[in-house]
Amino acid sequence: MRRRALLGAGAAALGAAGLGWSLLTPKRPGKLLRSRAELPKPFEARLTIPPVHTGGEIVQREADLHILPGLTTRAWTYDGSFPGPTVITRSGRPAALTHRNRLPEPVVVHLHGGHTPAGSDGYPIDEIMPERGAASTTTHHDMAAMRGDVTVGSRTYRYPMTQRAATLWYHDHRMGFTGPALYRGLAGFHLVRDDEEDALALPRGERELPLMLTDRAFEADGSLRYPTGDPAFMNGVLGDVVLVNGLPWPVHEVDPARYRLRLLNASNARRYRLELDPQPPGGAAFTQIGSDGGLLRRPIGHDSLRIAPAERFDVVVDFGRYKPGTRVRLVDRDGGNVMRFDVTGSRRDDDAAVGPLLSRTAEPLPPPARTRTFAFNQGPDGTWRINDLEYRPGRAVARPRLGEVEHWRFVSDFHHPVHLHLNHFQVVSRNAGELGAYDHGWKDTVDLRASEAVEVAVRFTDYTGTFMLHCHNLEHEDMAMMADFVVEA
Ligand code: C2O
Ligand code: CU
């Protein structure tokens, strides 16, 4: 018997009832959960930018947030805000971050996109126990042997930061409970800066906006609604409110000038097809300058952006292409509103630019030492698996050698955003052909749609030890669609 995670008990019951998974699996990932609270009209809240972390411990604690007008929402937070404070570090300068756990449950912190040694990577059973003792003994590890490197009260994570400038993010990663923990608010930005990026004339200051997209559903009293234990949501939980930086469908006033938007999809399961409405004259509203792992070699123009859970798109939008007074909606073509930018007439000065060459460090990797295949499928009992295995800590599905390049082929029965810890990768093919429009640059999460195969090239560098490969649909992840790989010397 393995532990059953959040939705696992329900899934097991369905398996016993003998339902085939094809009956349970719709065409699209996720099921919509409707709010019981009265929802505001879109574009009433003003966009806020998360506070910048200024040093000291990050205290994980409950906080009452004002997300819906007139109601409070009890959230789990990093330092009292959702998103948590934005951590900013410098490439090449080691950083240490201490997290203190004043929440009622154990936590684990993972720096997503971090090139981090195993001991600080937030392995799912390396928990920080609550400072004041857990409210309940919700230990989900059946076996004592499954105990990780557990600390009580706090833990210091060490990030060497031997990596290029990029939009990273940190979030909870506790085994079996990542979905509800992020849903309750445990996510924040971590920006890495470097000289290469600083030398470019990208928009900065007020014209550089980190934008975290999440979707949520609320109870009538404003509390977060999450379908714990409901097997109907095993494909993923979708909320009916889109929050940008924690506020519903916000609005932001912009100058008629270039802005850098660091888009992060931190939703549990929702995928977005983002477009500006109206499109600017001539199209190509988004000039993509970076991906999960930092700058692209050359910019790419897009009319729309498909962004799967955990992916980041670093884009420049020139609001100078719109007449002042234009209200430009950011919409999800598969859903609805996301936010709105109101172009005001005030400050037209704009010395930002996007040149034709952004980075020289995006060269292709040499040929691989070997190729491995990982199948992301659903088991007959409804659990999500990799190579027919449910996650079990300590069982490695691959043992790559330090310093070697490998090709990893991901094949899937369904939509899965596949994420690799430790190293960024380059997509080398999609369905044995050309890359998709969103596959360029250094990535750590790649979107697989049903019956697709994506091959990526990765070099395992600097650190030996145990790291994770998993689906970043958080309900899939919690239902065991994870695997360990061990980098060996
Ligand atoms: Cu963003 Cu292993 O996770
Ligand atoms: Cu998945």
# chains A, B, ... in the order shown; residues from 1 in each chain; ligands from 1

$ residues_near_ligand --ligand "ligand 1" --cutoff "8 Å" --atoms "only C-alpha atoms and all ligand atoms" --output "ChimeraX atom specification"
/A:110-113,169-171,173,310,419-421,468-470,472

$ write_last_selection --atoms "N, CA and C atoms" --output "PDB file, in the first residue's frame"
ATOM      1  N   HIS A 110      10.698  24.673  -3.042  1.00  0.00           N
ATOM      2  CA  HIS A 110      11.476  24.382  -4.250  1.00  0.00           C
ATOM      3  C   HIS A 110      11.657  25.664  -5.042  1.00  0.00           C
ATOM      4  N   LEU A 111      12.881  25.904  -5.479  1.00  0.00           N
ATOM      5  CA  LEU A 111      13.144  27.020  -6.384  1.00  0.00           C
ATOM      6  C   LEU A 111      13.036  26.478  -7.802  1.00  0.00           C
ATOM      7  N   HIS A 112      11.927  26.806  -8.458  1.00  0.00           N
ATOM      8  CA  HIS A 112      11.631  26.258  -9.785  1.00  0.00           C
ATOM      9  C   HIS A 112      12.486  26.979 -10.833  1.00  0.00           C
ATOM     10  N   GLY A 113      13.332  26.180 -11.499  1.00  0.00           N
ATOM     11  CA  GLY A 113      14.264  26.771 -12.461  1.00  0.00           C
ATOM     12  C   GLY A 113      15.630  27.027 -11.856  1.00  0.00           C
ATOM     13  N   TRP A 169      10.771  30.897 -10.030  1.00  0.00           N
ATOM     14  CA  TRP A 169       9.748  31.104  -9.000  1.00  0.00           C
ATOM     15  C   TRP A 169       9.918  30.054  -7.922  1.00  0.00           C
ATOM     16  N   TYR A 170       9.466  30.370  -6.741  1.00  0.00           N
ATOM     17  CA  TYR A 170       9.568  29.409  -5.644  1.00  0.00           C
ATOM     18  C   TYR A 170       8.170  29.048  -5.201  1.00  0.00           C
ATOM     19  N   HIS A 171       8.044  27.809  -4.786  1.00  0.00           N
ATOM     20  CA  HIS A 171       6.713  27.341  -4.391  1.00  0.00           C
ATOM     21  C   HIS A 171       6.838  26.109  -3.523  1.00  0.00           C
ATOM     22  N   HIS A 173       6.404  22.224  -2.355  1.00  0.00           N
ATOM     23  CA  HIS A 173       6.645  20.989  -3.122  1.00  0.00           C
ATOM     24  C   HIS A 173       6.458  19.767  -2.248  1.00  0.00           C
ATOM     25  N   ALA A 310       3.424  26.392 -14.947  1.00  0.00           N
ATOM     26  CA  ALA A 310       4.838  26.519 -14.571  1.00  0.00           C
ATOM     27  C   ALA A 310       5.721  27.152 -15.642  1.00  0.00           C
ATOM     28  N   HIS A 419       8.176  18.851 -16.304  1.00  0.00           N
ATOM     29  CA  HIS A 419       9.195  19.704 -15.681  1.00  0.00           C
ATOM     30  C   HIS A 419      10.356  18.877 -15.151  1.00  0.00           C
ATOM     31  N   LEU A 420      11.552  19.420 -15.382  1.00  0.00           N
ATOM     32  CA  LEU A 420      12.782  18.783 -14.921  1.00  0.00           C
ATOM     33  C   LEU A 420      13.468  19.704 -13.922  1.00  0.00           C
ATOM     34  N   HIS A 421      13.910  19.144 -12.831  1.00  0.00           N
ATOM     35  CA  HIS A 421      14.720  19.912 -11.883  1.00  0.00           C
ATOM     36  C   HIS A 421      16.184  19.902 -12.343  1.00  0.00           C
ATOM     37  N   MET A 468      14.181  15.679  -9.397  1.00  0.00           N
ATOM     38  CA  MET A 468      12.835  15.278  -9.803  1.00  0.00           C
ATOM     39  C   MET A 468      12.552  15.539 -11.278  1.00  0.00           C
ATOM     40  N   LEU A 469      11.722  14.670 -11.807  1.00  0.00           N
ATOM     41  CA  LEU A 469      11.102  14.834 -13.116  1.00  0.00           C
ATOM     42  C   LEU A 469       9.617  14.649 -12.839  1.00  0.00           C
ATOM     43  N   HIS A 470       8.774  15.586 -13.261  1.00  0.00           N
ATOM     44  CA  HIS A 470       7.343  15.389 -12.960  1.00  0.00           C
ATOM     45  C   HIS A 470       6.437  16.225 -13.831  1.00  0.00           C
ATOM     46  N   HIS A 472       3.664  19.062 -14.123  1.00  0.00           N
ATOM     47  CA  HIS A 472       3.382  20.250 -13.307  1.00  0.00           C
ATOM     48  C   HIS A 472       1.901  20.627 -13.307  1.00  0.00           C
TER      49      HIS A 472
END

$ residues_around --residues "stretch 250-262 of chain A" --least-positions-apart "4" --cutoff "9 Å" --atoms "only C-alpha atoms" --output "PyMOL selection string"
chain A and resi 42-48+167+202-204+206-212+243-245+290+312-324+329+338-353

$ closest_residue --among "A:Leu32, A:Ala201, A:Leu330, A:Ala369" --to "A:Asp277" --atoms "only C-alpha atoms"
A:Leu330

$ residues_around --residues "A:Glu475" --least-positions-apart "2" --cutoff "10 Å" --atoms "only C-alpha atoms" --output "list of chain:residue names"
A:Ala5, A:Leu6, A:Leu7, A:Gly8, A:Gly30, A:Gly176, A:Phe177, A:Thr178, A:Gly179, A:Pro180, A:Phe233, A:Met234, A:Asn235, A:Gly236, A:Val237, A:Asn268, A:Ala269, A:Trp384, A:Cys471, A:His472, A:Asn473, A:Glu477, A:Asp478, A:Met479, A:Ala480, A:Met481

$ write_last_selection --atoms "N, CA, C and O atoms" --output "compact mmCIF listing (two decimals), in the first residue's frame"
# COMPACT_ATOMS: atom_id res chain seq x y z
N ALA A 5 -2.70 10.32 -1.99
CA ALA A 5 -2.59 11.75 -1.80
C ALA A 5 -3.98 12.36 -1.78
O ALA A 5 -4.98 11.68 -1.74
N LEU A 6 -3.95 13.68 -1.82
CA LEU A 6 -5.15 14.49 -1.77
C LEU A 6 -6.39 13.87 -2.40
O LEU A 6 -7.42 13.71 -1.78
N LEU A 7 -6.28 13.57 -3.67
CA LEU A 7 -7.45 13.09 -4.38
C LEU A 7 -7.42 11.57 -4.48
O LEU A 7 -8.26 10.96 -5.09
N GLY A 8 -6.41 10.99 -3.85
CA GLY A 8 -6.13 9.58 -4.09
C GLY A 8 -7.18 8.63 -3.57
O GLY A 8 -7.48 7.63 -4.21
N GLY A 30 -8.38 19.29 -16.58
CA GLY A 30 -8.98 20.13 -15.56
C GLY A 30 -10.48 20.20 -15.66
O GLY A 30 -11.09 19.94 -16.69
N GLY A 176 2.45 14.99 -2.22
CA GLY A 176 1.02 14.72 -2.12
C GLY A 176 0.17 15.94 -1.81
O GLY A 176 -1.06 15.86 -1.86
N PHE A 177 0.80 17.08 -1.51
CA PHE A 177 0.03 18.25 -1.08
C PHE A 177 0.44 19.54 -1.80
O PHE A 177 0.13 20.63 -1.35
N THR A 178 1.14 19.39 -2.91
CA THR A 178 1.59 20.59 -3.62
C THR A 178 0.42 21.38 -4.20
O THR A 178 0.40 22.61 -4.14
N GLY A 179 -0.59 20.67 -4.73
CA GLY A 179 -1.75 21.34 -5.32
C GLY A 179 -2.45 22.26 -4.33
O GLY A 179 -2.57 23.47 -4.56
N PRO A 180 -2.92 21.72 -3.20
CA PRO A 180 -3.59 22.60 -2.23
C PRO A 180 -2.67 23.67 -1.64
O PRO A 180 -3.12 24.78 -1.34
N PHE A 233 -12.14 15.80 -9.88
CA PHE A 233 -11.14 16.81 -10.21
C PHE A 233 -9.75 16.22 -10.42
O PHE A 233 -8.75 16.93 -10.37
N MET A 234 -9.69 14.93 -10.64
CA MET A 234 -8.37 14.29 -10.77
C MET A 234 -7.60 14.74 -12.00
O MET A 234 -6.41 14.55 -12.10
N ASN A 235 -8.29 15.33 -12.98
CA ASN A 235 -7.57 15.84 -14.15
C ASN A 235 -7.02 17.23 -13.94
O ASN A 235 -6.34 17.77 -14.80
N GLY A 236 -7.36 17.83 -12.81
CA GLY A 236 -6.87 19.16 -12.53
C GLY A 236 -8.00 20.08 -12.10
O GLY A 236 -9.14 19.92 -12.53
N VAL A 237 -7.66 21.04 -11.24
CA VAL A 237 -8.65 21.97 -10.69
C VAL A 237 -8.54 23.30 -11.43
O VAL A 237 -7.48 23.90 -11.49
N ASN A 268 -2.78 25.78 -10.97
CA ASN A 268 -2.64 24.35 -10.73
C ASN A 268 -2.72 23.55 -12.03
O ASN A 268 -1.92 22.64 -12.25
N ALA A 269 -3.70 23.86 -12.87
CA ALA A 269 -3.91 23.04 -14.06
C ALA A 269 -4.29 23.83 -15.30
O ALA A 269 -4.28 23.28 -16.39
N TRP A 384 -1.85 8.93 -11.79
CA TRP A 384 -1.04 9.37 -12.92
C TRP A 384 0.37 8.84 -12.72
O TRP A 384 0.91 8.89 -11.62
N CYS A 471 5.16 15.88 -13.76
CA CYS A 471 4.14 16.68 -14.42
C CYS A 471 3.82 17.86 -13.51
O CYS A 471 3.74 17.72 -12.29
N HIS A 472 3.66 19.06 -14.12
CA HIS A 472 3.38 20.25 -13.31
C HIS A 472 1.90 20.63 -13.31
O HIS A 472 1.53 21.70 -12.85
N ASN A 473 1.05 19.74 -13.82
CA ASN A 473 -0.37 19.86 -13.47
C ASN A 473 -0.39 19.35 -12.02
O ASN A 473 -0.09 18.19 -11.75
N GLU A 477 0.55 15.81 -10.36
CA GLU A 477 1.77 15.66 -9.55
C GLU A 477 1.43 15.02 -8.20
O GLU A 477 2.09 14.08 -7.76
N ASP A 478 0.38 15.53 -7.56
CA ASP A 478 0.00 14.99 -6.25
C ASP A 478 -0.50 13.56 -6.34
O ASP A 478 -0.47 12.81 -5.37
N MET A 479 -1.01 13.21 -7.53
CA MET A 479 -1.47 11.83 -7.71
C MET A 479 -0.38 10.99 -8.36
O MET A 479 -0.65 10.09 -9.14
N ALA A 480 0.86 11.31 -7.99
CA ALA A 480 2.01 10.43 -8.21
C ALA A 480 2.69 10.51 -9.57
O ALA A 480 3.49 9.65 -9.90
N MET A 481 2.39 11.56 -10.38
CA MET A 481 3.08 11.67 -11.66
C MET A 481 4.42 12.39 -11.47
O MET A 481 4.65 13.49 -11.98

$ closest_residue --among "A:Phe286, A:Trp442, A:Phe467, A:Phe414" --to "ligand 2" --atoms "only C-alpha atoms and all ligand atoms"
A:Phe414

$ closest_residue --among "A:Ile386, A:Val192, A:Leu71, A:Leu358" --to "ligand 2" --atoms "only C-alpha atoms and all ligand atoms"
A:Ile386

$ select_by_dssp --residues "stretch 94-272 of chain A" --states "alpha helix (DSSP H)" --output "list of chain:residue names"
A:Thr178, A:Gly179, A:Pro180, A:Ala181, A:Leu182, A:Tyr183, A:Asp195, A:Glu196, A:Glu197, A:Asp198

$ decode --residues "stretch 423-437 of chain A" --atoms "all heavy atoms" --output "JSON list (two decimals), in the first residue's frame"
[["chain", "number", "residue", "atom", "x", "y", "z"],
["A", 423, "ASN", "N", 18.61, 21.08, -14.23],
["A", 423, "ASN", "CA", 19.16, 21.75, -15.42],
["A", 423, "ASN", "C", 18.08, 22.18, -16.39],
["A", 423, "ASN", "O", 17.08, 21.48, -16.55],
["A", 423, "ASN", "CB", 20.12, 20.81, -16.16],
["A", 423, "ASN", "CG", 21.46, 20.70, -15.46],
["A", 423, "ASN", "OD1", 21.73, 19.72, -14.77],
["A", 423, "ASN", "ND2", 22.28, 21.73, -15.60],
["A", 424, "HIS", "N", 18.32, 23.28, -17.04],
["A", 424, "HIS", "CA", 17.44, 23.66, -18.14],
["A", 424, "HIS", "C", 17.76, 22.80, -19.35],
["A", 424, "HIS", "O", 18.85, 22.24, -19.46],
["A", 424, "HIS", "CB", 17.60, 25.15, -18.44],
["A", 424, "HIS", "CG", 16.99, 26.02, -17.38],
["A", 424, "HIS", "ND1", 17.70, 26.51, -16.32],
["A", 424, "HIS", "CD2", 15.71, 26.42, -17.20],
["A", 424, "HIS", "CE1", 16.88, 27.19, -15.53],
["A", 424, "HIS", "NE2", 15.68, 27.16, -16.04],
["A", 425, "PHE", "N", 16.80, 22.68, -20.22],
["A", 425, "PHE", "CA", 16.98, 21.84, -21.41],
["A", 425, "PHE", "C", 16.62, 22.64, -22.65],
["A", 425, "PHE", "O", 16.08, 23.75, -22.56],
["A", 425, "PHE", "CB", 16.14, 20.56, -21.30],
["A", 425, "PHE", "CG", 14.67, 20.75, -21.02],
["A", 425, "PHE", "CD1", 13.80, 21.21, -22.00],
["A", 425, "PHE", "CD2", 14.14, 20.45, -19.76],
["A", 425, "PHE", "CE1", 12.45, 21.37, -21.75],
["A", 425, "PHE", "CE2", 12.77, 20.62, -19.49],
["A", 425, "PHE", "CZ", 11.93, 21.08, -20.50],
["A", 426, "GLN", "N", 16.95, 22.05, -23.81],
["A", 426, "GLN", "CA", 16.51, 22.62, -25.08],
["A", 426, "GLN", "C", 15.62, 21.60, -25.77],
["A", 426, "GLN", "O", 15.98, 20.42, -25.84],
["A", 426, "GLN", "CB", 17.71, 22.94, -25.97],
["A", 426, "GLN", "CG", 18.59, 24.02, -25.39],
["A", 426, "GLN", "CD", 19.88, 24.22, -26.19],
["A", 426, "GLN", "OE1", 20.18, 23.47, -27.12],
["A", 426, "GLN", "NE2", 20.62, 25.24, -25.83],
["A", 427, "VAL", "N", 14.50, 22.04, -26.29],
["A", 427, "VAL", "CA", 13.65, 21.13, -27.05],
["A", 427, "VAL", "C", 14.36, 20.88, -28.38],
["A", 427, "VAL", "O", 14.83, 21.82, -29.03],
["A", 427, "VAL", "CB", 12.25, 21.74, -27.27],
["A", 427, "VAL", "CG1", 11.38, 20.81, -28.11],
["A", 427, "VAL", "CG2", 11.58, 22.02, -25.92],
["A", 428, "VAL", "N", 14.48, 19.61, -28.77],
["A", 428, "VAL", "CA", 15.11, 19.31, -30.06],
["A", 428, "VAL", "C", 14.10, 18.88, -31.11],
["A", 428, "VAL", "O", 14.33, 19.04, -32.31],
["A", 428, "VAL", "CB", 16.26, 18.27, -29.95],
["A", 428, "VAL", "CG1", 17.42, 18.86, -29.18],
["A", 428, "VAL", "CG2", 15.81, 16.98, -29.32],
["A", 429, "SER", "N", 12.96, 18.33, -30.69],
["A", 429, "SER", "CA", 11.92, 18.03, -31.68],
["A", 429, "SER", "C", 10.58, 17.88, -30.99],
["A", 429, "SER", "O", 10.51, 17.56, -29.80],
["A", 429, "SER", "CB", 12.23, 16.76, -32.47],
["A", 429, "SER", "OG", 12.10, 15.62, -31.63],
["A", 430, "ARG", "N", 9.54, 18.14, -31.75],
["A", 430, "ARG", "CA", 8.17, 17.89, -31.27],
["A", 430, "ARG", "C", 7.53, 16.97, -32.30],
["A", 430, "ARG", "O", 7.52, 17.27, -33.49],
["A", 430, "ARG", "CB", 7.41, 19.21, -31.12],
["A", 430, "ARG", "CG", 6.00, 19.04, -30.56],
["A", 430, "ARG", "CD", 5.33, 20.38, -30.29],
["A", 430, "ARG", "NE", 5.80, 21.03, -29.08],
["A", 430, "ARG", "CZ", 5.26, 20.85, -27.85],
["A", 430, "ARG", "NH1", 4.24, 20.03, -27.68],
["A", 430, "ARG", "NH2", 5.76, 21.48, -26.81],
["A", 431, "ASN", "N", 7.03, 15.85, -31.84],
["A", 431, "ASN", "CA", 6.44, 14.84, -32.73],
["A", 431, "ASN", "C", 7.39, 14.53, -33.89],
["A", 431, "ASN", "O", 6.99, 14.48, -35.05],
["A", 431, "ASN", "CB", 5.08, 15.31, -33.23],
["A", 431, "ASN", "CG", 4.16, 15.61, -32.06],
["A", 431, "ASN", "OD1", 4.21, 14.93, -31.04],
["A", 431, "ASN", "ND2", 3.37, 16.67, -32.16],
["A", 432, "ALA", "N", 8.65, 14.38, -33.54],
["A", 432, "ALA", "CA", 9.73, 14.04, -34.49],
["A", 432, "ALA", "C", 9.92, 15.10, -35.57],
["A", 432, "ALA", "O", 10.62, 14.88, -36.55],
["A", 432, "ALA", "CB", 9.50, 12.66, -35.11],
["A", 433, "GLY", "N", 9.32, 16.26, -35.40],
["A", 433, "GLY", "CA", 9.46, 17.32, -36.40],
["A", 433, "GLY", "C", 9.96, 18.61, -35.79],
["A", 433, "GLY", "O", 10.66, 18.60, -34.78],
["A", 434, "GLU", "N", 9.60, 19.68, -36.45],
["A", 434, "GLU", "CA", 10.00, 21.02, -36.03],
["A", 434, "GLU", "C", 9.53, 21.36, -34.61],
["A", 434, "GLU", "O", 8.51, 20.85, -34.16],
["A", 434, "GLU", "CB", 9.34, 22.04, -36.97],
["A", 434, "GLU", "CG", 9.78, 21.94, -38.41],
["A", 434, "GLU", "CD", 11.08, 22.69, -38.61],
["A", 434, "GLU", "OE1", 11.04, 23.94, -38.57],
["A", 434, "GLU", "OE2", 12.12, 22.03, -38.77],
["A", 435, "LEU", "N", 10.24, 22.28, -34.00],
["A", 435, "LEU", "CA", 9.80, 22.77, -32.69],
["A", 435, "LEU", "C", 8.48, 23.53, -32.83],
["A", 435, "LEU", "O", 8.21, 24.11, -33.88],
["A", 435, "LEU", "CB", 10.82, 23.77, -32.11],
["A", 435, "LEU", "CG", 12.27, 23.36, -31.97],
["A", 435, "LEU", "CD1", 12.95, 24.29, -30.97],
["A", 435, "LEU", "CD2", 12.41, 21.92, -31.53],
["A", 436, "GLY", "N", 7.72, 23.54, -31.75],
["A", 436, "GLY", "CA", 6.54, 24.39, -31.71],
["A", 436, "GLY", "C", 6.96, 25.84, -31.49],
["A", 436, "GLY", "O", 8.12, 26.12, -31.16],
["A", 437, "ALA", "N", 6.02, 26.74, -31.66],
["A", 437, "ALA", "CA", 6.31, 28.17, -31.54],
["A", 437, "ALA", "C", 6.82, 28.57, -30.16],
["A", 437, "ALA", "O", 7.49, 29.59, -30.00],
["A", 437, "ALA", "CB", 5.06, 28.99, -31.88]]
